[in-house]
Each structure stands twice: as C-alpha cells, then as structure tokens.
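Novice: Structure file start-v3.pdb (PDB, C-alpha atoms, pLDDT in the B column) is given on the next line.
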ATOM      1  CA  MET A1371      20.995 -22.624   1.663  1.00 68.00           C
ATOM      2  CA  LYS A1372      20.550 -19.511  -0.462  1.00 73.00           C
ATOM      3  CA  LYS A1373      17.137 -20.688  -1.612  1.00 76.00           C
ATOM      4  CA  TYR A1374      15.891 -21.073   1.972  1.00 77.00           C
ATOM      5  CA  PHE A1375      17.261 -17.679   2.909  1.00 71.00           C
ATOM      6  CA  TYR A1376      15.303 -16.045   0.087  1.00 75.00           C
ATOM      7  CA  LEU A1377      12.168 -17.963   1.046  1.00 77.00           C
ATOM      8  CA  LEU A1378      12.546 -16.636   4.596  1.00 70.00           C
ATOM      9  CA  LEU A1379      13.278 -13.096   3.416  1.00 70.00           C
ATOM     10  CA  LEU A1380      10.266 -12.888   1.070  1.00 72.00           C
ATOM     11  CA  PRO A1381       7.463 -13.026   3.697  1.00 71.00           C
ATOM     12  CA  LEU A1382       9.338 -10.654   5.997  1.00 64.00           C
ATOM     13  CA  SER A1383       9.717  -8.102   3.220  1.00 71.00           C
ATOM     14  CA  LEU A1384       6.009  -8.201   2.413  1.00 71.00           C
ATOM     15  CA  THR A1385       4.808  -7.430   5.933  1.00 76.00           C
ATOM     16  CA  ASN A1386       4.538  -4.087   7.675  1.00 81.00           C
ATOM     17  CA  CYS A1387       3.784  -2.785  11.137  1.00 84.00           C
ATOM     18  CA  TYR A1388       0.448  -1.183  10.313  1.00 87.00           C
ATOM     19  CA  THR A1389      -2.890  -2.864  10.862  1.00 88.00           C
ATOM     20  CA  TYR A1390      -6.399  -1.755  10.058  1.00 88.00           C
ATOM     21  CA  LYS A1391      -8.769  -1.696  13.008  1.00 89.00           C
ATOM     22  CA  VAL A1392     -12.511  -1.120  12.958  1.00 87.00           C
ATOM     23  CA  ALA A1393     -13.407   1.284  15.741  1.00 76.00           C
ATOM     24  CA  ALA A1394     -15.908  -0.262  18.158  1.00 64.00           C
ATOM     25  CA  GLU A1395     -18.421   1.704  20.209  1.00 54.00           C
ATOM     26  CA  GLY A1396     -16.476   1.379  23.473  1.00 48.00           C
ATOM     27  CA  ASP A1397     -13.053   1.765  21.850  1.00 51.00           C
ATOM     28  CA  ASP A1398     -11.364   5.044  22.659  1.00 50.00           C
ATOM     29  CA  ALA A1399      -8.078   6.444  23.905  1.00 47.00           C
ATOM     30  CA  ALA A1400      -9.589   7.207  27.315  1.00 43.00           C
ATOM     31  CA  PRO A1401      -9.171   3.663  28.734  1.00 44.00           C
ATOM     32  CA  LEU A1402      -5.437   3.853  28.031  1.00 44.00           C
ATOM     33  CA  ASN A1403      -5.237   7.137  29.910  1.00 44.00           C
ATOM     34  CA  GLU A1404      -7.129   5.622  32.847  1.00 45.00           C
ATOM     35  CA  LYS A1405      -4.672   2.691  33.018  1.00 44.00           C
ATOM     36  CA  ALA A1406      -1.722   5.074  33.024  1.00 44.00           C
ATOM     37  CA  GLN A1407      -3.431   7.235  35.652  1.00 46.00           C
ATOM     38  CA  THR A1408      -4.009   4.273  38.001  1.00 45.00           C
ATOM     39  CA  LYS A1409      -0.404   3.168  37.544  1.00 45.00           C
ATOM     40  CA  VAL A1410       0.788   6.639  38.560  1.00 45.00           C
ATOM     41  CA  ASN A1411      -1.622   6.641  41.514  1.00 48.00           C
ATOM     42  CA  THR A1412      -0.336   3.273  42.787  1.00 48.00           C
ATOM     43  CA  MET A1413       3.287   4.307  42.441  1.00 46.00           C
ATOM     44  CA  GLN A1414       2.913   7.704  44.147  1.00 49.00           C
ATOM     45  CA  PRO A1415       2.100   6.413  47.677  1.00 49.00           C
ATOM     46  CA  LYS A1416       5.146   4.071  47.592  1.00 48.00           C
ATOM     47  CA  VAL A1417       7.401   7.007  46.842  1.00 45.00           C
ATOM     48  CA  ALA A1418       5.751   9.084  49.558  1.00 43.00           C
ATOM     49  CA  MET A1419       6.182   6.325  52.182  1.00 47.00           C
ATOM     50  CA  ALA A1420       9.888   6.108  51.466  1.00 45.00           C
ATOM     51  CA  ALA A1421      10.230   9.856  52.107  1.00 43.00           C
ATOM     52  CA  ASN A1422      10.444  11.413  55.530  1.00 44.00           C
ATOM     53  CA  GLN A1423       7.216  11.201  57.586  1.00 46.00           C
ATOM     54  CA  ALA A1424       7.352  14.923  58.332  1.00 44.00           C
ATOM     55  CA  THR A1425       7.129  15.771  54.635  1.00 46.00           C
ATOM     56  CA  MET A1426       4.369  13.223  53.970  1.00 48.00           C
ATOM     57  CA  ASP A1427       1.587  15.811  54.058  1.00 50.00           C
ATOM     58  CA  MET A1428       3.407  18.063  51.614  1.00 50.00           C
ATOM     59  CA  SER A1429       4.162  15.220  49.184  1.00 46.00           C
ATOM     60  CA  GLU A1430       0.510  14.090  49.205  1.00 51.00           C
ATOM     61  CA  ALA A1431      -0.665  17.618  48.538  1.00 49.00           C
ATOM     62  CA  LYS A1432       1.903  17.935  45.773  1.00 51.00           C
ATOM     63  CA  ALA A1433       0.907  14.555  44.290  1.00 51.00           C
ATOM     64  CA  THR A1434      -2.734  15.537  43.995  1.00 51.00           C
ATOM     65  CA  THR A1435      -1.883  18.775  42.227  1.00 52.00           C
ATOM     66  CA  THR A1436       0.653  17.259  39.809  1.00 55.00           C
ATOM     67  CA  HIS A1437      -1.657  14.581  38.400  1.00 54.00           C
ATOM     68  CA  PRO A1438      -2.933  15.585  35.002  1.00 57.00           C
ATOM     69  CA  GLN A1439      -6.659  15.973  34.794  1.00 61.00           C
ATOM     70  CA  LYS A1440      -8.548  13.522  32.649  1.00 63.00           C
ATOM     71  CA  LYS A1441      -9.147  15.000  29.268  1.00 64.00           C
ATOM     72  CA  PRO A1442     -12.700  14.728  28.071  1.00 66.00           C
ATOM     73  CA  ALA A1443     -12.943  12.085  25.381  1.00 64.00           C
ATOM     74  CA  LYS A1444     -13.573  13.260  21.872  1.00 64.00           C
ATOM     75  CA  PRO A1445     -17.196  12.813  20.898  1.00 67.00           C
ATOM     76  CA  ARG A1446     -17.836   9.754  18.769  1.00 66.00           C
ATOM     77  CA  PRO A1447     -18.226  10.567  15.076  1.00 64.00           C
ATOM     78  CA  THR A1448     -21.823  10.090  14.079  1.00 71.00           C
ATOM     79  CA  SER A1449     -21.709  10.608  10.334  1.00 78.00           C
ATOM     80  CA  ILE A1450     -19.446   9.114   7.745  1.00 83.00           C
ATOM     81  CA  THR A1451     -18.013  12.531   6.900  1.00 84.00           C
ATOM     82  CA  GLU A1452     -16.754  12.825  10.492  1.00 85.00           C
ATOM     83  CA  LYS A1453     -15.339   9.273  10.518  1.00 86.00           C
ATOM     84  CA  LEU A1454     -13.259   9.698   7.362  1.00 88.00           C
ATOM     85  CA  GLU A1455     -10.869  12.559   8.053  1.00 89.00           C
ATOM     86  CA  PRO A1456      -8.642  14.054   5.341  1.00 90.00           C
ATOM     87  CA  ASN A1457      -5.020  12.857   4.989  1.00 90.00           C
ATOM     88  CA  LYS A1458      -5.597   9.673   6.988  1.00 91.00           C
ATOM     89  CA  TYR A1459      -5.508   6.080   5.780  1.00 93.00           C
ATOM     90  CA  TYR A1460      -8.538   3.797   5.892  1.00 93.00           C
ATOM     91  CA  LYS A1461      -9.768   0.464   4.624  1.00 93.00           C
ATOM     92  CA  ILE A1462     -13.332   0.726   3.349  1.00 92.00           C
ATOM     93  CA  ASP A1463     -15.805  -1.618   1.699  1.00 91.00           C
ATOM     94  CA  VAL A1464     -17.716  -0.351  -1.310  1.00 90.00           C
ATOM     95  CA  ALA A1465     -20.029  -2.615  -3.302  1.00 86.00           C
ATOM     96  CA  ASP A1466     -18.515  -5.838  -1.882  1.00 86.00           C
ATOM     97  CA  ARG A1467     -14.993  -4.690  -2.729  1.00 91.00           C
ATOM     98  CA  SER A1468     -12.335  -3.592  -0.278  1.00 91.00           C
ATOM     99  CA  TYR A1469     -10.151  -0.513  -0.829  1.00 91.00           C
ATOM    100  CA  LYS A1470      -7.175   0.824   1.109  1.00 92.00           C
ATOM    101  CA  ILE A1471      -7.345   4.563   0.613  1.00 93.00           C
ATOM    102  CA  GLN A1472      -5.975   7.896   1.726  1.00 92.00           C
ATOM    103  CA  VAL A1473      -8.805  10.393   2.097  1.00 92.00           C
ATOM    104  CA  LYS A1474      -8.245  13.669   0.262  1.00 92.00           C
ATOM    105  CA  GLN A1475     -11.473  15.599   0.773  1.00 92.00           C
ATOM    106  CA  TRP A1476     -15.242  15.558   0.732  1.00 90.00           C
ATOM    107  CA  GLU A1477     -16.986  17.201  -2.203  1.00 91.00           C
ATOM    108  CA  SER A1478     -20.582  17.598  -1.029  1.00 86.00           C
ATOM    109  CA  ASP A1479     -21.743  13.939  -0.697  1.00 88.00           C
ATOM    110  CA  SER A1480     -18.782  12.364  -2.495  1.00 91.00           C
ATOM    111  CA  LEU A1481     -15.529  11.140  -1.023  1.00 91.00           C
ATOM    112  CA  VAL A1482     -12.408  11.881  -3.058  1.00 93.00           C
ATOM    113  CA  ALA A1483      -9.555   9.537  -2.186  1.00 93.00           C
ATOM    114  CA  ASN A1484      -6.346   8.032  -3.515  1.00 92.00           C
ATOM    115  CA  VAL A1485      -5.308   4.427  -3.473  1.00 91.00           C
ATOM    116  CA  ILE A1486      -2.451   4.074  -1.001  1.00 89.00           C
ATOM    117  CA  HIS A1487       0.953   4.620  -2.662  1.00 85.00           C
ATOM    118  CA  LYS A1488      -0.716   5.491  -5.976  1.00 88.00           C
ATOM    119  CA  PRO A1489      -1.375   9.257  -5.890  1.00 85.00           C
ATOM    120  CA  LYS A1490      -2.436   9.412  -9.526  1.00 90.00           C
ATOM    121  CA  LYS A1491      -5.275   6.910  -9.072  1.00 92.00           C
ATOM    122  CA  ILE A1492      -8.203   8.955  -7.772  1.00 92.00           C
ATOM    123  CA  LEU A1493     -11.362   7.257  -6.516  1.00 92.00           C
ATOM    124  CA  LYS A1494     -14.729   8.877  -5.891  1.00 93.00           C
ATOM    125  CA  PHE A1495     -17.445   7.286  -3.793  1.00 91.00           C
ATOM    126  CA  HIS A1496     -20.853   8.523  -2.760  1.00 91.00           C
ATOM    127  CA  LYS A1497     -21.343   8.384   1.000  1.00 88.00           C
ATOM    128  CA  ASN A1498     -24.271   5.962   0.600  1.00 89.00           C
ATOM    129  CA  GLN A1499     -22.039   3.454  -1.239  1.00 89.00           C
ATOM    130  CA  ILE A1500     -19.585   3.084   1.653  1.00 90.00           C
ATOM    131  CA  ASN A1501     -20.343   0.426   4.262  1.00 87.00           C
ATOM    132  CA  GLN A1502     -20.042   2.425   7.515  1.00 87.00           C
ATOM    133  CA  SER A1503     -19.795  -0.596   9.821  1.00 87.00           C
ATOM    134  CA  THR A1504     -16.552  -1.814   8.236  1.00 88.00           C
ATOM    135  CA  ILE A1505     -14.529   1.418   8.070  1.00 90.00           C
ATOM    136  CA  ALA A1506     -11.122   0.507   9.481  1.00 91.00           C
ATOM    137  CA  GLU A1507      -8.495   3.071  10.405  1.00 92.00           C
ATOM    138  CA  ARG A1508      -4.794   2.328   9.907  1.00 91.00           C
ATOM    139  CA  ARG A1509      -2.861   2.141  13.168  1.00 91.00           C
ATOM    140  CA  PHE A1510       0.679   1.220  14.140  1.00 91.00           C
ATOM    141  CA  SER A1511       0.871  -2.211  15.765  1.00 91.00           C
ATOM    142  CA  GLN A1512       3.653  -2.512  18.331  1.00 93.00           C
ATOM    143  CA  PRO A1513       3.351  -6.326  18.721  1.00 91.00           C
ATOM    144  CA  VAL A1514       3.801  -6.817  14.971  1.00 88.00           C
ATOM    145  CA  ALA A1515       6.812  -4.500  15.019  1.00 90.00           C
ATOM    146  CA  ASP A1516       8.314  -6.482  17.899  1.00 92.00           C
ATOM    147  CA  ILE A1517       7.794  -9.790  16.066  1.00 89.00           C
ATOM    148  CA  LEU A1518       9.426  -8.422  12.919  1.00 86.00           C
ATOM    149  CA  THR A1519      12.364  -7.095  14.942  1.00 90.00           C
ATOM    150  CA  VAL A1520      12.927 -10.444  16.657  1.00 91.00           C
ATOM    151  CA  ALA A1521      12.643 -12.259  13.317  1.00 86.00           C
ATOM    152  CA  ALA A1522      15.177  -9.897  11.727  1.00 85.00           C
ATOM    153  CA  TYR A1523      17.633 -10.334  14.604  1.00 92.00           C
ATOM    154  CA  THR A1524      17.173 -14.100  14.461  1.00 91.00           C
ATOM    155  CA  GLY A1525      17.817 -14.091  10.719  1.00 85.00           C
ATOM    156  CA  ILE A1526      20.951 -12.018  11.196  1.00 90.00           C
ATOM    157  CA  GLY A1527      22.129 -14.399  13.924  1.00 93.00           C
ATOM    158  CA  VAL A1528      21.509 -17.458  11.762  1.00 90.00           C
ATOM    159  CA  GLY A1529      23.330 -15.780   8.870  1.00 88.00           C
ATOM    160  CA  ILE A1530      26.358 -14.999  11.032  1.00 93.00           C
ATOM    161  CA  TRP A1531      26.311 -18.527  12.473  1.00 93.00           C
ATOM    162  CA  ALA A1532      26.169 -20.002   8.948  1.00 89.00           C
ATOM    163  CA  LEU A1533      29.142 -17.899   7.854  1.00 91.00           C
ATOM    164  CA  VAL A1534      31.207 -18.748  10.934  1.00 93.00           C
ATOM    165  CA  SER A1535      30.430 -22.471  10.932  1.00 87.00           C
ATOM    166  CA  GLN A1536      31.664 -23.054   7.368  1.00 77.00           C
TER
END
Please re-express this file's structure in structure tokens.

Specialist:
Amino acid sequence: MKKYFYLLLLPLSLTNCYTYKVAAEGDDAAPLNEKAQTKVNTMQPKVAMAANQATMDMSEAKATTTHPQKKPAKPRPTSITEKLEPNKYYKIDVADRSYKIQVKQWESDSLVANVIHKPKKILKFHKNQINQSTIAERRFSQPVADILTVAAYTGIGVGIWALVSQ
C-alpha cells in the first residue's frame, strides 16, 4: 500500500500550475474583456426589468455610464526585444535546444538571462540565435490547478478511508 501511495505522490509532486504558451497573432487579453462586457450587458437589462418601471429610464442611463470603456489593446510586439521583457519567464529555442529562462536584460543585441531557479547560471544569446516563432511565455493555468486540487483531495480521502477501514 505504501509503495502505491508513493507512486501516486511522485507525479503529483513533479507537476505545477504553470504552462508555457506561444502567443498567436489573434491572441490577446481583449477577447476576455469583450466576453466579460457582454455578460455584464446581458445581466443589466434583467436587473432593470425587475426594478420599478418608473425608475427604468434612470437605471438605463446609469447602466450606460457605469460600464467601463474598452481599453485599447496593447500593440503587438514586433521585435524580439519587445517580446522578451525583463523579469518574466519564457521558454525559448536556441540552436535546436529548448531553454526555460528568466530574462534579466538586453545588452545591445544580446539577451542576458538566467535558467529558472538557478540564478548563478547566466546565459547569453544573440537575438539572431533565438527562434522568434517559438517564444512561449509562462502563464498560470487554472484548469491544471483545478485538476491538481481534485487529485490532492481525492488522495487525502483515499488515505483517510484506508486508515479508517483497517
């Protein structure tokens, strides 16, 4: 029983909630804001209909003024120096080898970076060596976090059940 528990615990301990995602041309935070905006717009009339008909005009006027304006989307980075921002984590491909790095700074045409969790290991790459189409930014993945949470709760439940059933 102990052996199986350790075999179950090992893969869970080696996973994390961060994924690396390559930014596509159409990928931006603006579509998420539009979805939230339409959800607010569909909910607002329902609330206004439930209110008194005499105050309907005032609630509609108030609803149009309280909606946040759409923020203009940040312009897409065109050069590699704009894509790789300092103090962020990325996965890059250089000379058919993949690196997970934390960008420190740009020194003219060279990228100075650290390997993740190894601050003493400094890497330097020329901007022409880095494959720009495969630059992936590290992002938090909520579905992975939910799966790990359910797996942890299930493991705890099985452990308690095993202790109680003996």

Novice: Apply the PyMOL selection byres ((chain A and resi 1385-1390) around 12) to the file shown and report the selected residues as a ChimeraX atom specification.

Specialist: /A:1379-1384,1391-1393,1458-1462,1469-1471,1504-1519,1521

Novice: Determine the residue set returned by the PyMOL selection byres ((chain A and resi 1495) around 6) for the present structure, and present it as a VMD selection string.

Specialist: chain A and resid 1480 to 1481 1494 1496

Novice: Please dump the current selection as a compact mmCIF listing (two decimals), in the frame of the given file; keep C-alpha atoms.

Specialist:
# COMPACT_ATOMS: atom_id res chain seq x y z
CA SER A 1480 -18.78 12.36 -2.50
CA LEU A 1481 -15.53 11.14 -1.02
CA LYS A 1494 -14.73 8.88 -5.89
CA HIS A 1496 -20.85 8.52 -2.76

Novice: With distances taken over all atoms listed in the file, which residue among A:Ile1526, A:Val1520, A:Ala1532, A:Val1473 lies nearest Glu1452 of chain A?

Specialist: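 Among the listed residues, A:Val1473 lies closest to Glu1452 of chain A.
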
Novice: Between atom CA of Asn1484 of chain A and atom CA of Thr1448 of chain A, what distance in Å does the model show, to one decimal?

Specialist: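 Result for atom CA of Asn1484 of chain A versus atom CA of Thr1448 of chain A: 23.5 Å, one decimal.
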
Novice: How many Å lie between atom CA of Leu1378 of chain A and atom CA of Gly1529 of chain A, rounded to one decimal?

Specialist: 11.6 Å

Novice: In Å, how far is it from atom CA of Asn1498 of chain A to atom CA of Glu1455 of chain A?

Specialist: 16.7 Å

Novice: Using only C-alpha atoms for the distances, tell me which of A:Gln1502, A:Gln1536, A:Asn1457, A:Thr1524 is nearest to Val1482 of chain A.

Specialist: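 Selected residue with least distance to Val1482 of chain A: A:Asn1457.
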
Novice: Pick the closest to Asn1501 of chain A from A:Leu1454, A:Ala1522, A:Leu1377, A:Ala1465: which is it, counting only C-alpha atoms?

Specialist: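 Residue with the minimum atom-to-atom distance to Asn1501 of chain A: A:Ala1465.
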
Novice: Work out where the centre of an axis-aligned box around every listed atom of segment 1503-1506 of chain A lies and how long its edges are once 6 Å is added on each side; give both in Å to one decimal as AutoDock Vina command-line options.

Specialist:
--center_x -15.5 --center_y -0.2 --center_z 8.9 --size_x 20.7 --size_y 15.2 --size_z 13.8

Novice: Taking all atoms listed in the file into account, name the residue in A:Pro1456, A:His1487, A:Ser1449, A:Tyr1523 that is nearest to Lys1474 of chain A.

Specialist: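 Of all the options, A:Pro1456 lies closest to Lys1474 of chain A.
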
Novice: Can you rebuild segment 1497-1508 of chain A with all heavy atoms and give it as a PDB file, in the frame of the given file?

Specialist:
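Ended up saving to part03.pdb:
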ATOM      1  N   LYS A1497     -21.334   8.815  -0.399  1.00 88.00           N
ATOM      2  CA  LYS A1497     -21.343   8.384   1.000  1.00 88.00           C
ATOM      3  C   LYS A1497     -22.305   7.235   1.264  1.00 88.00           C
ATOM      4  O   LYS A1497     -22.109   6.465   2.199  1.00 88.00           O
ATOM      5  CB  LYS A1497     -21.610   9.553   1.941  1.00 88.00           C
ATOM      6  CG  LYS A1497     -22.998  10.115   1.891  1.00 88.00           C
ATOM      7  CD  LYS A1497     -23.134  11.224   2.913  1.00 88.00           C
ATOM      8  CE  LYS A1497     -24.549  11.741   2.940  1.00 88.00           C
ATOM      9  NZ  LYS A1497     -24.716  12.794   3.939  1.00 88.00           N
ATOM     10  N   ASN A1498     -23.331   7.065   0.429  1.00 89.00           N
ATOM     11  CA  ASN A1498     -24.271   5.962   0.600  1.00 89.00           C
ATOM     12  C   ASN A1498     -23.703   4.633   0.102  1.00 89.00           C
ATOM     13  O   ASN A1498     -24.215   3.575   0.439  1.00 89.00           O
ATOM     14  CB  ASN A1498     -25.584   6.260  -0.110  1.00 89.00           C
ATOM     15  CG  ASN A1498     -26.331   7.409   0.540  1.00 89.00           C
ATOM     16  OD1 ASN A1498     -26.108   7.723   1.705  1.00 89.00           O
ATOM     17  ND2 ASN A1498     -27.197   8.048  -0.221  1.00 89.00           N
ATOM     18  N   GLN A1499     -22.652   4.681  -0.733  1.00 89.00           N
ATOM     19  CA  GLN A1499     -22.039   3.454  -1.239  1.00 89.00           C
ATOM     20  C   GLN A1499     -21.117   2.801  -0.207  1.00 89.00           C
ATOM     21  O   GLN A1499     -20.893   1.604  -0.251  1.00 89.00           O
ATOM     22  CB  GLN A1499     -21.204   3.752  -2.490  1.00 89.00           C
ATOM     23  CG  GLN A1499     -21.996   4.162  -3.703  1.00 89.00           C
ATOM     24  CD  GLN A1499     -21.061   4.514  -4.854  1.00 89.00           C
ATOM     25  OE1 GLN A1499     -20.044   5.170  -4.659  1.00 89.00           O
ATOM     26  NE2 GLN A1499     -21.424   4.057  -6.045  1.00 89.00           N
ATOM     27  N   ILE A1500     -20.591   3.574   0.704  1.00 90.00           N
ATOM     28  CA  ILE A1500     -19.585   3.084   1.653  1.00 90.00           C
ATOM     29  C   ILE A1500     -20.270   2.387   2.817  1.00 90.00           C
ATOM     30  O   ILE A1500     -21.185   2.925   3.426  1.00 90.00           O
ATOM     31  CB  ILE A1500     -18.716   4.249   2.167  1.00 90.00           C
ATOM     32  CG1 ILE A1500     -18.020   4.943   0.997  1.00 90.00           C
ATOM     33  CG2 ILE A1500     -17.700   3.755   3.180  1.00 90.00           C
ATOM     34  CD1 ILE A1500     -17.345   6.243   1.363  1.00 90.00           C
ATOM     35  N   ASN A1501     -19.820   1.178   3.127  1.00 87.00           N
ATOM     36  CA  ASN A1501     -20.343   0.426   4.262  1.00 87.00           C
ATOM     37  C   ASN A1501     -19.739   1.000   5.539  1.00 87.00           C
ATOM     38  O   ASN A1501     -18.560   0.818   5.824  1.00 87.00           O
ATOM     39  CB  ASN A1501     -19.992  -1.055   4.113  1.00 87.00           C
ATOM     40  CG  ASN A1501     -20.641  -1.908   5.172  1.00 87.00           C
ATOM     41  OD1 ASN A1501     -21.310  -1.403   6.078  1.00 87.00           O
ATOM     42  ND2 ASN A1501     -20.448  -3.202   5.066  1.00 87.00           N
ATOM     43  N   GLN A1502     -20.539   1.704   6.340  1.00 87.00           N
ATOM     44  CA  GLN A1502     -20.042   2.425   7.515  1.00 87.00           C
ATOM     45  C   GLN A1502     -19.599   1.502   8.644  1.00 87.00           C
ATOM     46  O   GLN A1502     -18.752   1.871   9.445  1.00 87.00           O
ATOM     47  CB  GLN A1502     -21.108   3.386   8.042  1.00 87.00           C
ATOM     48  CG  GLN A1502     -21.369   4.533   7.123  1.00 87.00           C
ATOM     49  CD  GLN A1502     -22.302   5.553   7.764  1.00 87.00           C
ATOM     50  OE1 GLN A1502     -22.385   5.657   8.967  1.00 87.00           O
ATOM     51  NE2 GLN A1502     -22.984   6.312   6.921  1.00 87.00           N
ATOM     52  N   SER A1503     -20.138   0.300   8.715  1.00 87.00           N
ATOM     53  CA  SER A1503     -19.795  -0.596   9.821  1.00 87.00           C
ATOM     54  C   SER A1503     -18.421  -1.234   9.655  1.00 87.00           C
ATOM     55  O   SER A1503     -17.871  -1.779  10.614  1.00 87.00           O
ATOM     56  CB  SER A1503     -20.852  -1.685   9.964  1.00 87.00           C
ATOM     57  OG  SER A1503     -20.878  -2.480   8.798  1.00 87.00           O
ATOM     58  N   THR A1504     -17.841  -1.166   8.458  1.00 88.00           N
ATOM     59  CA  THR A1504     -16.552  -1.814   8.236  1.00 88.00           C
ATOM     60  C   THR A1504     -15.434  -0.823   7.933  1.00 88.00           C
ATOM     61  O   THR A1504     -14.394  -1.219   7.406  1.00 88.00           O
ATOM     62  CB  THR A1504     -16.650  -2.826   7.079  1.00 88.00           C
ATOM     63  OG1 THR A1504     -17.057  -2.130   5.910  1.00 88.00           O
ATOM     64  CG2 THR A1504     -17.616  -3.938   7.407  1.00 88.00           C
ATOM     65  N   ILE A1505     -15.594   0.434   8.278  1.00 90.00           N
ATOM     66  CA  ILE A1505     -14.529   1.418   8.070  1.00 90.00           C
ATOM     67  C   ILE A1505     -13.440   1.141   9.099  1.00 90.00           C
ATOM     68  O   ILE A1505     -13.679   1.183  10.298  1.00 90.00           O
ATOM     69  CB  ILE A1505     -15.056   2.856   8.216  1.00 90.00           C
ATOM     70  CG1 ILE A1505     -16.055   3.164   7.112  1.00 90.00           C
ATOM     71  CG2 ILE A1505     -13.902   3.843   8.186  1.00 90.00           C
ATOM     72  CD1 ILE A1505     -16.731   4.502   7.257  1.00 90.00           C
ATOM     73  N   ALA A1506     -12.242   0.841   8.602  1.00 91.00           N
ATOM     74  CA  ALA A1506     -11.122   0.507   9.481  1.00 91.00           C
ATOM     75  C   ALA A1506     -10.020   1.542   9.303  1.00 91.00           C
ATOM     76  O   ALA A1506      -9.613   1.847   8.192  1.00 91.00           O
ATOM     77  CB  ALA A1506     -10.596  -0.882   9.164  1.00 91.00           C
ATOM     78  N   GLU A1507      -9.548   2.070  10.434  1.00 92.00           N
ATOM     79  CA  GLU A1507      -8.495   3.071  10.405  1.00 92.00           C
ATOM     80  C   GLU A1507      -7.138   2.386  10.535  1.00 92.00           C
ATOM     81  O   GLU A1507      -6.993   1.408  11.259  1.00 92.00           O
ATOM     82  CB  GLU A1507      -8.681   4.057  11.564  1.00 92.00           C
ATOM     83  CG  GLU A1507      -7.691   5.185  11.549  1.00 92.00           C
ATOM     84  CD  GLU A1507      -7.928   6.185  12.667  1.00 92.00           C
ATOM     85  OE1 GLU A1507      -8.893   6.005  13.444  1.00 92.00           O
ATOM     86  OE2 GLU A1507      -7.160   7.137  12.764  1.00 92.00           O
ATOM     87  N   ARG A1508      -6.136   2.906   9.840  1.00 91.00           N
ATOM     88  CA  ARG A1508      -4.794   2.328   9.907  1.00 91.00           C
ATOM     89  C   ARG A1508      -4.102   2.804  11.178  1.00 91.00           C
ATOM     90  O   ARG A1508      -4.063   3.990  11.470  1.00 91.00           O
ATOM     91  CB  ARG A1508      -3.971   2.739   8.683  1.00 91.00           C
ATOM     92  CG  ARG A1508      -2.608   2.068   8.661  1.00 91.00           C
ATOM     93  CD  ARG A1508      -1.899   2.310   7.393  1.00 91.00           C
ATOM     94  NE  ARG A1508      -1.149   3.550   7.494  1.00 91.00           N
ATOM     95  CZ  ARG A1508      -0.204   3.910   6.645  1.00 91.00           C
ATOM     96  NH1 ARG A1508       0.074   3.149   5.614  1.00 91.00           N
ATOM     97  NH2 ARG A1508       0.429   5.042   6.792  1.00 91.00           N
TER      98      ARG A1508
END
